[in-house]
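The structure file my_file39.txt is reproduced below (compact mmCIF, C-alpha atoms and all ligand atoms).
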# COMPACT_ATOMS: atom_id res chain seq x y z
CA MET A 1 -5.38 -140.58 100.45
CA LYS A 2 -6.49 -144.19 100.09
CA ALA A 3 -4.97 -147.65 99.84
CA SER A 4 -5.83 -149.80 96.79
CA LYS A 5 -4.58 -153.35 96.34
CA VAL A 6 -2.42 -153.88 93.26
CA PHE A 7 -1.53 -157.56 93.70
CA GLU A 8 -2.30 -160.41 96.08
CA ASN A 9 -1.19 -164.02 96.16
CA LYS A 10 -1.51 -165.63 99.59
CA ASP A 11 1.00 -163.91 101.90
CA HIS A 12 2.39 -161.64 99.19
CA ARG A 13 0.65 -158.30 98.58
CA TRP A 14 1.23 -154.90 97.00
CA TRP A 15 -0.76 -151.71 97.58
CA ILE A 16 -0.71 -148.23 96.15
CA LEU A 17 -1.45 -145.29 98.48
CA HIS A 18 -2.76 -142.54 96.20
CA ASP A 19 -4.75 -139.33 95.76
CA GLN A 20 -3.14 -137.28 98.51
CA GLN A 21 -5.73 -134.42 98.51
CA GLU A 22 -3.11 -131.72 99.08
CA ASN A 23 -2.57 -129.69 95.93
CA ARG A 24 0.23 -127.40 97.13
CA VAL A 25 2.79 -130.19 96.71
CA ILE A 26 3.09 -132.49 93.69
CA ASP A 27 0.66 -135.40 93.87
CA SER A 28 2.63 -138.55 94.72
CA ASN A 29 1.98 -142.25 95.11
CA VAL A 30 3.52 -144.43 97.79
CA TYR A 31 3.68 -148.22 97.35
CA VAL A 32 3.77 -150.91 100.02
CA MET A 33 4.75 -154.56 99.66
CA GLU A 34 4.01 -157.13 102.31
CA SER A 35 5.59 -160.57 102.32
CA LYS A 36 4.97 -163.06 105.13
CA GLY A 37 3.96 -160.28 107.50
CA GLN A 38 6.96 -158.05 106.75
CA ALA A 39 6.35 -154.80 104.88
CA MET A 40 8.41 -152.32 102.91
CA LEU A 41 7.64 -148.84 101.58
CA PHE A 42 8.67 -147.67 98.11
CA ASP A 43 9.36 -143.93 97.84
CA PRO A 44 7.71 -143.16 101.21
CA GLY A 45 6.92 -139.57 100.26
CA GLY A 46 7.28 -135.97 101.34
CA PHE A 47 7.18 -134.45 104.81
CA GLU A 48 3.97 -132.56 103.99
CA ILE A 49 1.90 -135.64 103.11
CA PHE A 50 3.15 -137.90 105.90
CA PRO A 51 -0.16 -137.78 107.86
CA GLN A 52 -2.17 -138.76 104.76
CA VAL A 53 0.28 -141.55 103.87
CA PHE A 54 0.24 -142.92 107.40
CA ALA A 55 -3.58 -142.86 107.59
CA ALA A 56 -3.85 -144.74 104.26
CA LEU A 57 -1.11 -147.17 105.26
CA VAL A 58 -3.04 -148.46 108.27
CA GLU A 59 -5.83 -149.54 105.87
CA ALA A 60 -3.28 -151.86 104.25
CA VAL A 61 -0.76 -153.13 106.82
CA GLN A 62 0.11 -152.90 110.50
CA PRO A 63 2.55 -149.98 110.80
CA ALA A 64 4.66 -152.17 113.12
CA SER A 65 5.25 -154.58 110.21
CA ILE A 66 7.24 -151.97 108.24
CA GLN A 67 10.84 -153.19 108.19
CA ALA A 68 12.32 -151.13 105.40
CA ALA A 69 11.93 -148.31 102.91
CA PHE A 70 13.31 -147.95 99.40
CA VAL A 71 14.32 -144.52 98.12
CA SER A 72 14.65 -144.36 94.33
CA HIS A 73 16.50 -141.03 94.38
CA GLN A 74 17.09 -137.95 96.52
CA ASP A 75 14.07 -135.79 95.70
CA PRO A 76 11.96 -134.25 98.51
CA ASP A 77 8.73 -135.83 97.23
CA ILE A 78 10.47 -139.21 97.71
CA ALA A 79 12.36 -138.95 100.95
CA SER A 80 11.73 -135.81 103.01
CA SER A 81 9.45 -137.85 105.32
CA LEU A 82 12.51 -139.83 106.43
CA PRO A 83 12.86 -138.25 109.92
CA LEU A 84 9.16 -138.83 110.63
CA TRP A 85 9.31 -142.53 109.72
CA HIS A 86 12.56 -142.83 111.63
CA ALA A 87 10.86 -141.36 114.73
CA CYS A 88 8.12 -144.02 114.37
CA ASN A 89 10.61 -146.87 113.97
CA PRO A 90 14.33 -146.15 114.46
CA SER A 91 15.31 -149.67 113.33
CA MET A 92 13.69 -149.30 109.88
CA GLN A 93 16.27 -150.00 107.13
CA TRP A 94 16.64 -147.40 104.38
CA TYR A 95 17.76 -148.57 100.94
CA ILE A 96 19.19 -145.49 99.28
CA PRO A 97 21.39 -144.87 96.21
CA SER A 98 24.95 -144.78 97.54
CA LEU A 99 25.73 -141.61 95.59
CA TRP A 100 23.02 -139.65 97.40
CA GLU A 101 23.87 -140.58 101.01
CA GLY A 102 25.28 -137.23 102.10
CA PHE A 103 22.42 -135.39 100.41
CA ILE A 104 19.63 -137.50 101.89
CA ARG A 105 21.13 -137.03 105.38
CA HIS A 106 20.17 -133.35 105.00
CA TYR A 107 16.55 -134.38 105.61
CA GLY A 108 17.54 -135.22 109.19
CA ALA A 109 17.64 -138.44 111.23
CA LEU A 110 21.43 -138.67 110.99
CA ASP A 111 21.47 -142.05 112.73
CA ALA A 112 18.85 -143.74 110.48
CA PRO A 113 20.27 -147.08 109.22
CA PHE A 114 21.16 -146.69 105.54
CA ARG A 115 21.83 -149.61 103.16
CA LYS A 116 23.68 -148.05 100.27
CA ILE A 117 22.73 -149.37 96.83
CA PRO A 118 25.77 -149.63 94.54
CA ASP A 119 25.55 -148.10 91.06
CA GLY A 120 25.13 -151.55 89.48
CA GLY A 121 22.04 -152.34 91.59
CA GLU A 122 21.53 -155.45 93.71
CA ASP A 123 19.00 -158.04 94.83
CA ILE A 124 17.51 -157.79 98.30
CA LEU A 125 15.22 -160.02 100.37
CA LEU A 126 12.14 -159.02 102.28
CA GLY A 127 9.96 -161.61 104.01
CA GLY A 128 11.86 -164.28 102.06
CA ARG A 129 11.04 -162.69 98.69
CA ARG A 130 13.64 -161.43 96.28
CA LEU A 131 13.41 -157.93 94.87
CA GLU A 132 15.70 -156.61 92.14
CA LEU A 133 16.94 -153.04 92.55
CA ILE A 134 17.51 -152.06 88.94
CA PRO A 135 19.67 -149.14 87.81
CA ALA A 136 17.67 -146.31 86.22
CA HIS A 137 20.40 -143.66 86.36
CA TYR A 138 19.58 -140.23 84.91
CA LEU A 139 15.86 -141.10 84.84
CA HIS A 140 15.72 -138.49 86.11
CA ALA A 141 18.27 -138.34 88.94
CA SER A 142 21.94 -139.11 88.30
CA ALA A 143 21.76 -142.07 90.71
CA ASN A 144 18.33 -143.65 90.46
CA PHE A 145 16.88 -147.15 90.92
CA HIS A 146 13.66 -148.99 90.17
CA VAL A 147 12.39 -152.18 91.83
CA TYR A 148 11.29 -155.37 90.10
CA ASP A 149 9.31 -158.05 91.90
CA PRO A 150 9.61 -161.15 89.67
CA GLU A 151 6.84 -163.06 91.46
CA ALA A 152 4.25 -160.27 91.33
CA LYS A 153 5.59 -159.08 87.93
CA ILE A 154 5.53 -155.54 89.25
CA LEU A 155 7.99 -152.86 88.20
CA PHE A 156 8.05 -149.90 90.57
CA SER A 157 9.33 -147.30 88.12
CA GLY A 158 9.79 -144.15 90.23
CA ASP A 159 9.37 -141.04 88.09
CA VAL A 160 9.28 -143.05 84.83
CA GLY A 161 5.66 -143.38 83.78
CA ALA A 162 4.69 -140.37 85.90
CA ALA A 163 1.66 -138.30 84.88
CA LEU A 164 0.30 -135.09 86.33
CA LEU A 165 -3.33 -135.90 87.15
CA PRO A 166 -6.05 -133.90 88.94
CA ALA A 167 -7.18 -134.62 92.50
CA GLY A 168 -9.54 -137.56 92.79
CA HIS A 169 -7.82 -139.56 90.02
CA SER A 170 -7.90 -143.35 89.89
CA ALA A 171 -4.94 -145.51 90.88
CA TRP A 172 -5.12 -147.10 87.41
CA VAL A 173 -4.98 -146.05 83.81
CA ASP A 174 -8.45 -147.41 82.90
CA ARG A 175 -7.99 -151.18 82.75
CA ARG A 176 -10.88 -151.75 80.32
CA ASP A 177 -8.87 -150.43 77.42
CA PRO A 178 -9.14 -152.87 74.47
CA ASP A 179 -8.34 -150.28 71.80
CA GLY A 180 -5.81 -148.18 73.75
CA LYS A 181 -8.02 -145.07 73.90
CA ALA A 182 -7.69 -144.72 77.68
CA PHE A 183 -3.92 -145.04 77.33
CA ALA A 184 -3.85 -142.41 74.58
CA GLN A 185 -5.75 -139.93 76.76
CA HIS A 186 -3.65 -140.64 79.82
CA ILE A 187 -0.28 -140.41 78.14
CA GLU A 188 -0.84 -136.77 77.14
CA LYS A 189 -0.66 -136.00 80.88
CA ALA A 190 2.70 -137.78 81.02
CA ARG A 191 4.31 -136.16 77.97
CA TYR A 192 5.69 -132.92 79.40
CA PHE A 193 6.87 -134.64 82.58
CA HIS A 194 9.07 -137.04 80.60
CA GLN A 195 10.28 -134.49 78.08
CA ARG A 196 11.32 -131.98 80.73
CA TRP A 197 12.40 -134.07 83.74
CA MET A 198 14.12 -136.88 81.86
CA PRO A 199 17.45 -135.55 80.62
CA SER A 200 19.13 -138.27 78.59
CA GLU A 201 18.29 -140.21 75.43
CA ARG A 202 21.21 -142.54 76.13
CA ALA A 203 19.94 -143.33 79.63
CA LYS A 204 16.43 -143.86 78.27
CA LYS A 205 17.69 -146.39 75.70
CA HIS A 206 19.72 -148.29 78.32
CA TRP A 207 16.71 -148.47 80.64
CA LEU A 208 14.40 -149.64 77.85
CA GLU A 209 16.82 -152.40 76.86
CA ARG A 210 16.98 -153.61 80.44
CA VAL A 211 13.27 -153.36 81.18
CA ARG A 212 12.08 -154.95 77.92
CA LYS A 213 13.67 -158.21 79.13
CA LEU A 214 11.38 -158.31 82.18
CA GLU A 215 7.91 -159.78 82.33
CA ILE A 216 5.79 -156.91 83.65
CA ASP A 217 2.09 -157.04 84.50
CA TYR A 218 2.02 -153.71 86.37
CA LEU A 219 4.22 -150.68 85.77
CA CYS A 220 3.85 -148.54 88.89
CA PRO A 221 5.00 -144.91 88.80
CA GLN A 222 5.45 -142.55 91.74
CA HIS A 223 3.11 -139.94 90.20
CA GLY A 224 -0.07 -140.60 88.22
CA ALA A 225 -1.55 -144.06 87.66
CA ILE A 226 -0.58 -147.71 87.13
CA TYR A 227 -0.18 -149.17 83.62
CA SER A 228 -1.38 -152.77 83.39
CA GLY A 229 -1.48 -155.55 80.79
CA ALA A 230 -1.00 -154.31 77.21
CA GLN A 231 -0.58 -150.72 78.47
CA VAL A 232 2.89 -151.61 79.76
CA GLN A 233 4.15 -152.35 76.25
CA ARG A 234 2.32 -149.29 74.92
CA PHE A 235 4.13 -147.15 77.48
CA LEU A 236 7.57 -148.59 76.63
CA ASP A 237 6.95 -148.01 72.90
CA TRP A 238 5.73 -144.46 73.54
CA PHE A 239 8.75 -143.65 75.74
CA ALA A 240 11.15 -145.09 73.16
CA GLU A 241 9.88 -142.59 70.57
CA LEU A 242 9.66 -139.56 72.85
CA PRO A 243 12.41 -136.89 72.60
CA VAL A 244 13.61 -136.04 76.13
CA GLY A 245 15.88 -133.36 77.61
CA ILE A 246 14.00 -130.65 75.74
CA ALA A 247 15.10 -127.69 77.88
CA VAL A 248 18.52 -127.48 76.24
CA GLU A 249 16.80 -126.14 73.12
CA SER A 250 14.61 -123.61 74.93
FE FE A 301 12.12 -137.07 91.14
FE FE A 302 8.78 -137.76 91.81

Encoded form (C-alpha cells):
Amino acid sequence: MKASKVFENKDHRWWILHDQQENRVIDSNVYVMESKGQAMLFDPGGFEIFPQVFAALVEAVQPASIQAAFVSHQDPDIASSLPLWHACNPSMQWYIPSLWEGFIRHYGALDAPFRKIPDGGEDILLGGRRLELIPAHYLHASANFHVYDPEAKILFSGDVGAALLPAGHSAWVDRRDPDGKAFAQHIEKARYFHQRWMPSERAKKHWLERVRKLEIDYLCPQHGAIYSGAQVQRFLDWFAELPVGIAVES
C-alpha cells in the first residue's frame, strides 16, 4: 500500500492510501487529512489490512498526529480495524453514524470515544478547518455519511464512486482525459458495484441534488480511484442515469 498526495495548500493536506496488495479482502482506500499538524482518517479500513494501512500512513503523517477517525457506515472494510487503532491511541475520537453505534461496538474496543453523527449530518472542526458530514443514507447503508472539505473542494464519497480494480491500480482515474475515454473505460468497473450495492433510486436522487450544489475538484471513493476535474460531473451524470437496486428483479 502507498500514500499519494491528493491536495496540498500550506498546512492543509489530503492523502489517499491505496493498492493494499491483499486480494483475499476487497481492495479499499483509506484517506487522511492533516490540518495544522492534526490528522484524521476517513474510513480507516479492515482488520486484515491494518499493517499495510499503518505502513503507508507513516509516509504521510506522524501517527501521533491522528486525532480522529470518520466512519461512513458500519461495514467491516470500513471499521473493523477500530480496536487496533484504539490500542494505538485510546483518546482517538470516532465519528460514527448514530444509528450504527451498537453494531460498530461489536468490532471491540467498547470504551473507544464515539461522537455520534445525527441523521441530518453536522459540521465538525479539525485543526481549525471545517468539514461537512453530509447525509448519504441508503448509499448503500441505511445510515451513511460522506465528508465535504469546502477549502480543498474534496468530497470523500464512501462507497459512491467505487470501482473494482485489479492490484497495482493508480490512485486516479487517468487525469489526462480530454475526451472522457479514460472515464468511459473506468466506469465499466464501477457499474455492477453501484447497481447491486446501491439499493434506492430515491436515495440516489436526494444525494445527487445535495452534491450537485457543491464545488468539487476531487471525488474520492473508498474503493477504486479518484475522479478529478470534469470527471466529477461525468460521474454524477452517469450515476443519475444508472438503474440501481437491481437484485429485486433477479
Ligand atoms: Fe460498504
Ligand atoms: Fe466499501

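With distances taken over all atoms listed in the file, A:Gly45 is the one residue among A:Gly45, A:Pro90, A:Gly229, A:Gly180 lying closest to ligand FE 302 (chain A).
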
*When the cut-off is 6 Å and you count only C-alpha atoms and all ligand atoms, which residues lie near ligand FE 302 (chain A), shown as a PyMOL selection string?*
chain A and resi 77+159+222

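Here atom CA of A:Pro243 is placed at a distance of 8.7 Å from atom CA of A:His194.
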
*What lies within 8 Å of A:Val61 using only C-alpha atoms, ignoring chain neighbours under 3 positions off, as number ranges by chain?*
A: 34, 39, 57-58, 65

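Taking atom CA of A:Ala3 and atom CA of A:Pro135 as endpoints, the distance between them is 27.5 Å.
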
*Near-A:Leu165 list (8 Å; all atoms listed in the file; drop same-chain fewer than 5 positions) as number ranges by chain*: A: 27, 189, 224

*Check every protein, DNA and RNA residue against ligand FE 301 (chain A), keep those with an atom at most 12 Å away (counting all atoms listed in the file), and present them as a PyMOL selection string.*
chain A and resi 26-28+43+45-46+71-80+136-145+157-162+193-194+196-199+221-223

Store the residues picked out above, limited to C-alpha atoms, as a compact mmCIF listing (two decimals), in the coordinates of the input.
# COMPACT_ATOMS: atom_id res chain seq x y z
CA ILE A 26 3.09 -132.49 93.69
CA ASP A 27 0.66 -135.40 93.87
CA SER A 28 2.63 -138.55 94.72
CA ASP A 43 9.36 -143.93 97.84
CA GLY A 45 6.92 -139.57 100.26
CA GLY A 46 7.28 -135.97 101.34
CA VAL A 71 14.32 -144.52 98.12
CA SER A 72 14.65 -144.36 94.33
CA HIS A 73 16.50 -141.03 94.38
CA GLN A 74 17.09 -137.95 96.52
CA ASP A 75 14.07 -135.79 95.70
CA PRO A 76 11.96 -134.25 98.51
CA ASP A 77 8.73 -135.83 97.23
CA ILE A 78 10.47 -139.21 97.71
CA ALA A 79 12.36 -138.95 100.95
CA SER A 80 11.73 -135.81 103.01
CA ALA A 136 17.67 -146.31 86.22
CA HIS A 137 20.40 -143.66 86.36
CA TYR A 138 19.58 -140.23 84.91
CA LEU A 139 15.86 -141.10 84.84
CA HIS A 140 15.72 -138.49 86.11
CA ALA A 141 18.27 -138.34 88.94
CA SER A 142 21.94 -139.11 88.30
CA ALA A 143 21.76 -142.07 90.71
CA ASN A 144 18.33 -143.65 90.46
CA PHE A 145 16.88 -147.15 90.92
CA SER A 157 9.33 -147.30 88.12
CA GLY A 158 9.79 -144.15 90.23
CA ASP A 159 9.37 -141.04 88.09
CA VAL A 160 9.28 -143.05 84.83
CA GLY A 161 5.66 -143.38 83.78
CA ALA A 162 4.69 -140.37 85.90
CA PHE A 193 6.87 -134.64 82.58
CA HIS A 194 9.07 -137.04 80.60
CA ARG A 196 11.32 -131.98 80.73
CA TRP A 197 12.40 -134.07 83.74
CA MET A 198 14.12 -136.88 81.86
CA PRO A 199 17.45 -135.55 80.62
CA PRO A 221 5.00 -144.91 88.80
CA GLN A 222 5.45 -142.55 91.74
CA HIS A 223 3.11 -139.94 90.20

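The spacing separating atom CA of A:His18 from atom CA of A:Ala171 amounts to 6.5 Å.
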
*In the coordinates of the file, take the point (14.5, -149.6, 101.8) and a cut-off of 7 Å; then, counting only C-alpha atoms, name each qualifying protein, DNA or RNA residue as a VMD selection string.*
chain A and resid 40 to 41 68 to 71 93 to 96

_When you count all atoms listed in the file, which of these residues is closest to A:Glu188: A:Phe235, A:Lys10, A:Ala167, A:Cys220?_
A:Phe235

*Using only C-alpha atoms, collect all residues at a distance of at most 12 Å from (-8.0, -131.3, 103.7) as written in the file, then present them as a count of residues only.*
11
